[in-house]
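Participant: As input, take upload-v3.csv (CSV, C-alpha atoms and all ligand atoms):
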```csv
chain,number,residue,atom,x,y,z
A,13,MET,CA,0.0,0.0,0.0
A,14,ASP,CA,1.4,3.4,-1.0
A,15,TYR,CA,0.3,5.4,2.1
A,16,GLN,CA,2.0,8.6,0.9
A,17,GLN,CA,0.0,8.6,-2.3
A,18,LEU,CA,-3.1,7.7,-0.4
A,19,ILE,CA,-2.9,10.5,2.2
A,20,GLU,CA,-2.0,13.1,-0.5
A,21,ARG,CA,-5.2,12.0,-2.3
A,22,LEU,CA,-7.2,12.4,0.9
A,23,TYR,CA,-5.7,15.8,1.5
A,24,GLN,CA,-6.7,17.0,-1.9
A,25,GLU,CA,-10.2,15.5,-1.8
A,26,THR,CA,-11.2,16.6,1.8
A,27,LYS,CA,-9.4,19.8,2.6
A,28,ASP,CA,-12.2,22.0,1.3
A,29,LEU,CA,-14.9,20.1,3.2
A,30,ALA,CA,-13.8,21.9,6.4
A,31,ALA,CA,-15.7,25.0,5.2
A,32,SER,CA,-18.9,23.5,6.5
A,33,GLY,CA,-17.6,23.3,10.1
A,34,LYS,CA,-16.9,25.8,12.8
A,35,VAL,CA,-13.7,26.3,14.7
A,36,ALA,CA,-14.3,25.9,18.5
A,37,SER,CA,-14.6,29.3,20.1
A,38,TYR,CA,-16.0,28.4,23.6
A,39,ILE,CA,-12.3,28.2,24.6
A,40,PRO,CA,-11.2,31.6,23.3
A,41,ALA,CA,-7.6,30.6,22.7
A,42,LEU,CA,-8.7,28.0,20.2
A,43,ALA,CA,-10.6,30.5,18.1
A,44,ASP,CA,-7.4,32.0,16.8
A,45,VAL,CA,-6.2,28.8,15.0
A,46,PRO,CA,-6.3,29.2,11.2
A,47,ALA,CA,-9.3,27.3,10.0
A,48,ASN,CA,-7.6,26.0,6.8
A,49,SER,CA,-4.9,24.1,8.8
A,50,PHE,CA,-4.9,20.5,7.6
A,51,ALA,CA,-2.5,17.6,8.2
A,52,ILE,CA,-2.5,13.8,8.0
A,53,SER,CA,0.2,11.5,9.5
A,54,VAL,CA,0.4,7.8,9.3
A,55,LYS,CA,2.9,5.7,11.3
A,56,THR,CA,3.2,2.0,10.6
A,57,CYS,CA,4.3,-0.9,12.9
A,58,LYS,CA,7.1,-1.3,10.3
A,59,ASN,CA,8.5,2.1,11.4
A,60,GLU,CA,7.4,4.0,8.3
A,61,LEU,CA,6.1,7.5,8.7
A,62,PHE,CA,4.0,9.4,6.1
A,63,ASN,CA,3.0,13.0,6.4
A,64,VAL,CA,1.1,15.6,4.4
A,65,GLY,CA,0.1,19.2,5.1
A,66,ASP,CA,0.7,21.1,8.4
A,67,HIS,CA,2.1,18.0,10.2
A,68,ARG,CA,4.8,20.0,11.9
A,69,ILE,CA,2.5,22.5,13.5
A,70,PRO,CA,1.5,21.7,17.1
A,71,PHE,CA,-2.2,22.2,18.0
A,72,SER,CA,-4.2,21.8,21.2
A,73,ILE,CA,-5.0,18.0,21.5
A,74,GLN,CA,-7.9,18.7,23.9
A,75,SER,CA,-9.9,15.6,24.5
A,76,ILE,CA,-7.4,13.3,22.9
A,77,SER,CA,-5.5,13.7,26.2
A,78,LYS,CA,-8.3,11.8,27.9
A,79,VAL,CA,-6.7,8.6,26.5
A,80,PHE,CA,-3.3,9.4,27.9
A,81,THR,CA,-4.6,10.1,31.4
A,82,PHE,CA,-6.9,7.1,31.3
A,83,ILE,CA,-3.8,4.9,30.4
A,84,LEU,CA,-1.8,6.4,33.4
A,85,ALA,CA,-4.7,5.7,35.8
A,86,PHE,CA,-5.5,2.2,34.3
A,87,LYS,CA,-1.8,1.2,34.6
A,88,ILE,CA,-1.8,2.0,38.3
A,89,ILE,CA,-5.2,0.9,39.5
A,90,GLY,CA,-6.3,-1.6,36.8
A,91,PRO,CA,-10.0,-2.7,36.7
A,92,GLU,CA,-10.6,-0.9,40.0
A,93,ILE,CA,-11.2,2.1,37.8
A,94,TRP,CA,-14.6,0.7,36.9
A,95,ASN,CA,-15.7,1.3,40.5
A,96,ARG,CA,-15.5,5.0,39.8
A,97,ILE,CA,-16.5,5.3,36.1
A,98,GLY,CA,-18.7,3.5,33.7
A,99,ARG,CA,-17.8,2.1,30.2
A,100,GLU,CA,-20.9,2.7,28.2
A,101,PRO,CA,-21.4,5.2,25.3
A,102,SER,CA,-23.1,8.3,26.7
A,103,GLY,CA,-25.3,9.2,23.7
A,104,SER,CA,-25.1,12.8,25.0
A,105,ALA,CA,-22.8,15.8,24.4
A,106,PHE,CA,-19.2,15.5,25.7
A,107,ASN,CA,-19.9,18.1,28.4
A,108,SER,CA,-23.5,17.1,29.3
A,109,LEU,CA,-24.6,17.4,32.9
A,110,ILE,CA,-28.0,15.8,32.7
A,111,GLN,CA,-27.0,12.2,32.7
A,112,LEU,CA,-24.8,12.7,35.7
A,113,GLU,CA,-27.8,13.6,37.9
A,114,ILE,CA,-29.8,10.6,36.8
A,115,GLU,CA,-26.8,8.3,37.4
A,116,GLN,CA,-25.8,9.6,40.8
A,117,GLY,CA,-22.7,11.5,39.8
A,118,VAL,CA,-21.0,8.4,38.1
A,119,PRO,CA,-19.8,9.4,34.6
A,120,ARG,CA,-20.8,7.0,31.7
A,121,ASN,CA,-17.2,6.6,30.5
A,122,PRO,CA,-13.7,8.0,30.8
A,123,LEU,CA,-13.6,9.7,27.5
A,124,ILE,CA,-16.3,12.3,28.1
A,125,ASN,CA,-15.5,15.4,30.2
A,126,ALA,CA,-17.0,14.1,33.5
A,127,GLY,CA,-15.2,10.8,33.2
A,128,ALA,CA,-11.9,12.5,32.4
A,129,ILE,CA,-12.3,14.8,35.4
A,130,VAL,CA,-12.7,11.7,37.6
A,131,VAL,CA,-9.6,10.2,36.0
A,132,ALA,CA,-7.8,13.5,36.8
A,133,ASP,CA,-9.0,13.2,40.4
A,134,ILE,CA,-7.6,9.6,40.6
A,135,LEU,CA,-4.2,10.9,39.3
A,136,VAL,CA,-4.2,13.8,41.7
A,137,SER,CA,-4.7,11.2,44.5
A,138,LEU,CA,-2.0,8.8,43.3
A,139,ILE,CA,0.8,10.9,41.8
A,140,LYS,CA,2.8,13.6,43.5
A,141,ASN,CA,3.2,15.9,40.5
A,142,PRO,CA,0.7,14.6,38.0
A,143,LYS,CA,1.2,17.4,35.5
A,144,GLN,CA,4.9,16.6,35.2
A,145,LYS,CA,4.3,12.8,35.2
A,146,LEU,CA,1.7,13.2,32.4
A,147,LEU,CA,4.1,15.3,30.3
A,148,GLU,CA,6.9,12.8,30.7
A,149,PHE,CA,4.6,10.0,29.8
A,150,VAL,CA,3.3,11.7,26.6
A,151,ARG,CA,6.9,12.6,25.7
A,152,SER,CA,8.1,9.1,26.1
A,153,LEU,CA,5.2,7.7,24.0
A,154,ALA,CA,5.9,10.1,21.2
A,155,ASP,CA,9.6,9.8,21.7
A,156,ASP,CA,9.9,13.6,21.7
A,157,ASP,CA,10.9,15.8,24.6
A,158,ASN,CA,9.8,19.0,22.8
A,159,ILE,CA,6.1,18.4,23.7
A,160,LEU,CA,4.8,21.1,26.0
A,161,TYR,CA,1.6,22.3,27.7
A,162,ASP,CA,0.3,25.5,26.1
A,163,LYS,CA,-0.1,27.7,29.1
A,164,GLY,CA,-2.2,30.2,27.2
A,165,VAL,CA,-4.8,27.6,26.2
A,166,ALA,CA,-4.8,26.2,29.8
A,167,ALA,CA,-5.4,29.7,31.2
A,168,SER,CA,-8.0,30.5,28.6
A,169,GLU,CA,-9.9,27.3,29.5
A,170,LYS,CA,-9.6,27.9,33.3
A,171,GLU,CA,-11.1,31.3,32.8
A,172,THR,CA,-14.1,30.1,30.7
A,173,GLY,CA,-14.5,26.5,31.8
A,174,HIS,CA,-17.7,27.1,33.8
A,175,ARG,CA,-19.2,23.9,32.5
A,176,ASN,CA,-16.3,21.8,33.7
A,177,TYR,CA,-16.4,23.6,37.1
A,178,ALA,CA,-20.1,22.7,37.2
A,179,LEU,CA,-19.4,19.1,36.3
A,180,ALA,CA,-16.7,18.8,38.9
A,181,HIS,CA,-18.6,20.5,41.7
A,182,PHE,CA,-21.7,18.4,40.9
A,183,MET,CA,-19.7,15.2,41.1
A,184,LYS,CA,-18.1,16.4,44.3
A,185,SER,CA,-21.5,16.7,45.8
A,186,PHE,CA,-22.0,13.0,45.1
A,187,GLY,CA,-18.5,12.2,46.5
A,188,THR,CA,-17.2,11.1,43.1
A,189,ILE,CA,-14.5,13.7,43.2
A,190,THR,CA,-12.3,13.4,46.3
A,191,ASN,CA,-9.7,16.2,45.9
A,192,PRO,CA,-10.2,20.0,45.7
A,193,VAL,CA,-12.0,20.9,42.5
A,194,GLU,CA,-9.3,23.6,41.7
A,195,GLU,CA,-6.5,21.0,41.9
A,196,VAL,CA,-8.4,18.4,39.8
A,197,LEU,CA,-9.3,20.9,37.1
A,198,ASP,CA,-5.8,22.4,37.0
A,199,LEU,CA,-4.6,19.0,35.8
A,200,TYR,CA,-7.6,18.6,33.5
A,201,PHE,CA,-7.1,22.0,31.8
A,202,HIS,CA,-3.4,21.4,31.4
A,203,GLN,CA,-3.9,17.9,29.8
A,204,CYS,CA,-6.3,19.5,27.3
A,205,SER,CA,-3.7,22.2,26.5
A,206,LEU,CA,-1.0,19.7,25.5
A,207,ALA,CA,0.3,20.9,22.1
A,208,MET,CA,1.2,18.2,19.6
A,209,ASN,CA,1.4,17.8,15.9
A,210,THR,CA,-0.1,14.9,13.9
A,211,ASP,CA,3.3,13.3,13.5
A,212,GLN,CA,3.8,13.2,17.3
A,213,LEU,CA,0.2,12.0,17.9
A,214,ALA,CA,0.6,9.1,15.4
A,215,ARG,CA,3.8,8.1,17.1
A,216,ALA,CA,2.3,8.3,20.6
A,217,PHE,CA,-0.6,6.0,19.7
A,218,LEU,CA,1.3,3.4,17.7
A,219,PHE,CA,1.7,1.1,20.7
A,220,LEU,CA,-2.1,0.5,20.6
A,221,ALA,CA,-1.8,-0.8,17.1
A,222,ASN,CA,0.8,-3.3,18.4
A,223,GLU,CA,-1.3,-4.8,21.2
A,224,GLY,CA,0.0,-2.3,23.8
A,225,THR,CA,3.7,-2.6,23.2
A,226,ASN,CA,5.9,0.0,21.5
A,227,PRO,CA,7.0,-2.0,18.4
A,228,PHE,CA,10.5,-0.4,18.4
A,229,THR,CA,11.6,-0.1,22.0
A,230,LYS,CA,9.5,-3.3,23.0
A,231,GLU,CA,8.3,-1.4,26.0
A,232,GLU,CA,4.9,-2.7,27.2
A,233,ILE,CA,2.7,0.3,27.8
A,234,LEU,CA,-0.5,-1.8,28.4
A,235,ASN,CA,-0.8,-5.5,28.4
A,236,PRO,CA,-2.7,-7.0,25.4
A,237,SER,CA,-5.9,-7.4,27.4
A,238,ARG,CA,-5.9,-3.8,28.6
A,239,ALA,CA,-5.0,-2.5,25.2
A,240,LYS,CA,-7.9,-4.4,23.8
A,241,ARG,CA,-10.2,-2.8,26.3
A,242,LEU,CA,-9.0,0.6,25.6
A,243,LYS,CA,-9.4,0.2,21.8
A,244,ALA,CA,-13.0,-1.0,22.5
A,245,LEU,CA,-13.6,2.1,24.6
A,246,MET,CA,-12.3,4.3,21.9
A,247,LEU,CA,-14.5,2.6,19.3
A,248,THR,CA,-17.6,2.9,21.4
A,249,THR,CA,-17.0,6.3,23.1
A,250,GLY,CA,-14.1,8.1,21.5
A,251,MET,CA,-16.2,10.3,19.2
A,252,TYR,CA,-18.8,11.1,21.9
A,253,ASN,CA,-22.4,11.0,20.7
A,254,GLU,CA,-21.1,10.5,17.2
A,255,SER,CA,-19.2,7.2,18.1
A,256,GLY,CA,-21.8,5.0,16.5
A,257,ASP,CA,-21.9,6.9,13.2
A,258,PHE,CA,-18.1,7.1,13.2
A,259,ALA,CA,-17.9,3.3,13.7
A,260,PHE,CA,-20.4,2.9,10.9
A,261,ARG,CA,-18.6,5.2,8.5
A,262,VAL,CA,-14.9,4.6,9.4
A,263,GLY,CA,-14.8,1.4,11.4
A,264,ILE,CA,-11.7,1.8,13.6
A,265,PRO,CA,-11.1,2.9,17.2
A,266,ALA,CA,-10.4,6.7,17.4
A,267,LYS,CA,-10.4,9.7,19.7
A,268,SER,CA,-11.2,13.3,18.8
A,269,GLY,CA,-10.6,16.7,20.4
A,270,VAL,CA,-12.2,20.1,19.9
A,271,GLY,CA,-8.8,21.4,18.7
A,272,GLY,CA,-9.7,19.5,15.5
A,273,GLY,CA,-7.5,16.5,15.9
A,274,ILE,CA,-8.5,12.9,15.6
A,275,VAL,CA,-6.2,9.9,16.2
A,276,ALA,CA,-7.2,6.4,15.1
A,277,ILE,CA,-5.7,2.9,15.1
A,278,ILE,CA,-5.8,0.0,12.6
A,279,PRO,CA,-4.8,-2.9,14.8
A,280,ASN,CA,-1.5,-4.7,13.9
A,281,GLN,CA,-0.9,-2.1,11.2
A,282,LEU,CA,-0.8,1.5,11.9
A,283,SER,CA,-1.9,4.7,13.7
A,284,ILE,CA,-3.2,7.7,11.8
A,285,ALA,CA,-3.6,11.3,13.0
A,286,VAL,CA,-5.5,14.0,11.2
A,287,TRP,CA,-6.0,17.7,12.0
A,288,SER,CA,-8.5,20.2,10.6
A,289,PRO,CA,-9.9,22.7,13.2
A,290,PRO,CA,-13.5,23.3,11.9
A,291,LEU,CA,-15.9,21.0,13.9
A,292,ASN,CA,-19.4,19.6,13.4
A,293,ALA,CA,-22.2,19.8,16.0
A,294,ALA,CA,-20.8,16.9,18.0
A,295,GLY,CA,-17.4,18.7,18.4
A,296,ASN,CA,-15.6,16.5,15.9
A,297,SER,CA,-13.4,17.6,12.9
A,298,VAL,CA,-15.5,17.7,9.8
A,299,ALA,CA,-12.7,17.2,7.3
A,300,GLY,CA,-10.9,14.8,9.7
A,301,ILE,CA,-13.8,12.4,9.7
A,302,GLU,CA,-14.1,12.6,5.9
A,303,ALA,CA,-10.4,11.9,5.5
A,304,LEU,CA,-10.6,8.9,7.8
A,305,GLU,CA,-13.7,7.5,6.1
A,306,ARG,CA,-11.9,7.7,2.8
A,307,PHE,CA,-8.8,6.2,4.3
A,308,THR,CA,-10.5,3.1,5.4
A,309,THR,CA,-12.6,2.9,2.2
A,310,TYR,CA,-9.8,3.4,-0.3
A,311,SER,CA,-7.3,1.2,1.6
A,312,GLU,CA,-10.1,-1.4,2.4
A,313,LYS,CA,-8.7,-1.6,6.0
A,314,SER,CA,-10.9,-1.4,9.0
A,315,ILE,CA,-11.5,-3.7,11.9
A,316,PHE,CA,-14.6,-5.0,10.2
B,401,LIG,O1,-13.3,20.5,28.5
B,401,LIG,C1,-13.5,20.8,27.3
B,401,LIG,O2,-14.6,21.2,27.0
B,401,LIG,C2,-12.3,20.8,26.4
B,401,LIG,N1,-11.1,21.1,27.0
B,401,LIG,C3,-12.2,19.4,25.8
B,401,LIG,C4,-13.4,19.0,25.0
B,401,LIG,C5,-13.1,18.2,23.8
B,401,LIG,O3,-12.1,18.2,23.2
B,401,LIG,C6,-14.3,17.5,23.2
B,401,LIG,N2,-13.9,17.0,22.0
B,401,LIG,N3,-14.4,16.8,21.0
```
Please express what this file holds, its structure, as structure tokens.
Ligand code: DON
Facilitator:
Amino acid sequence: MDYQQLIERLYQETKDLAASGKVASYIPALADVPANSFAISVKTCKNELFNVGDHRIPFSIQSISKVFTFILAFKIIGPEIWNRIGREPSGSAFNSLIQLEIEQGVPRNPLINAGAIVVADILVSLIKNPKQKLLEFVRSLADDDNILYDKGVAASEKETGHRNYALAHFMKSFGTITNPVEEVLDLYFHQCSLAMNTDQLARAFLFLANEGTNPFTKEEILNPSRAKRLKALMLTTGMYNESGDFAFRVGIPAKSGVGGGIVAIIPNQLSIAVWSPPLNAAGNSVAGIEALERFTTYSEKSIF
């Protein structure tokens, strides 16, 4: 398969489709990102890397970070995590409050905001300097020490993150959050502000395409059973209330962020990261989904 030729074709075919989406503006710092940014990176288990477009430009990974924090917590407490968070698709918006009241403050899954805030609470309880630990973890996964938090994005989100404050305080009233809300959200806002490019994201997620082990260093990040569970979660919940439609159209585990990034896995083969900031109503990149749909269609590779 000539992946370079394939992603260049996808780039040409889908770059203009972004025009029907809207760049996230509820976090003011995200609104300044050029709407026509577009990048695709593919990293294979054979150590090949293919890039097209703005693949060197770091962007705010936002909710993609929910996978990194989940892995850190899952590595430490294992299946105990399911005593604190569910593992069902939410069927509601990523920042919805309504389901939480009905379900007594227990988030549906770790990849929606409420679930990721509980994961942040777990990390605050277990790790002395969780922001530093998370940064080191992401750098090691991507094999790149240049990855940083974007302090401007973190501050912008702290200032305007009223919904996340509402979610955290609401869960604290149920006892689901055990640490001070400020401390938990400080970690959450920082994780969302992690700035990475598609190239770094594809590298950071490749271990999931190799049953949880980095194919080059041979380091086991998650054992095969836990890697399987995480990929299943990504498939069923990684695109929020659009996860079913994404599975239908694209057919691979993925995770999106409101910065316009999406990272996805084809087991035993490759990871792919796309970035195009304009979003659809569910908060997912319009051109990114199109590019991934055509990727699995033209290459005839999906998990189905
Ligand atoms: O908490 C928020 O609303 C954002 N920092 C992250 C949301 C997000 O990326 C949802 N993605 N589609």
Participant: For atom CA of Ala239 of chain A and atom CA of Ser75 of chain A, quote the distance in Å rounded to one decimal.
Facilitator: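 Rounded to one decimal, the two atoms are 18.8 Å apart.
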Participant: List the spatial neighbours of Ala259 of chain A as a ChimeraX atom specification - criterion: any atom at most 10 Å away, only C-alpha atoms, same-chain residues fewer than 2 positions off excluded.
Facilitator: /A:246-251,254-257,261-266,305,314-316
Participant: Give the residues close to ligand LIG 401 (chain B), within 8 Å, counting only C-alpha atoms and all ligand atoms; write them as an MDAnalysis selection string.
Facilitator: chainID A and resid 39 73:76 106:107 124:125 169 173 175:176 200:201 204:205 251:252 268:272 294:296
Participant: Taking all atoms listed in the file into account, which of A:Ala167, A:Ile52, A:Ala154, A:Leu146 comes nearest Ile284 of chain A?
Facilitator: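 Of A:Ala167, A:Ile52, A:Ala154, A:Leu146, the one nearest Ile284 of chain A is A:Ile52, counting all atoms listed in the file.
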Participant: Restricting the calculation to only C-alpha atoms, which member of A:Gln116, A:Pro290, A:Tyr15, A:Ser32 is positioned closest to Thr308 of chain A?
Facilitator: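 Counting only C-alpha atoms, the residue closest to Thr308 of chain A is A:Tyr15.
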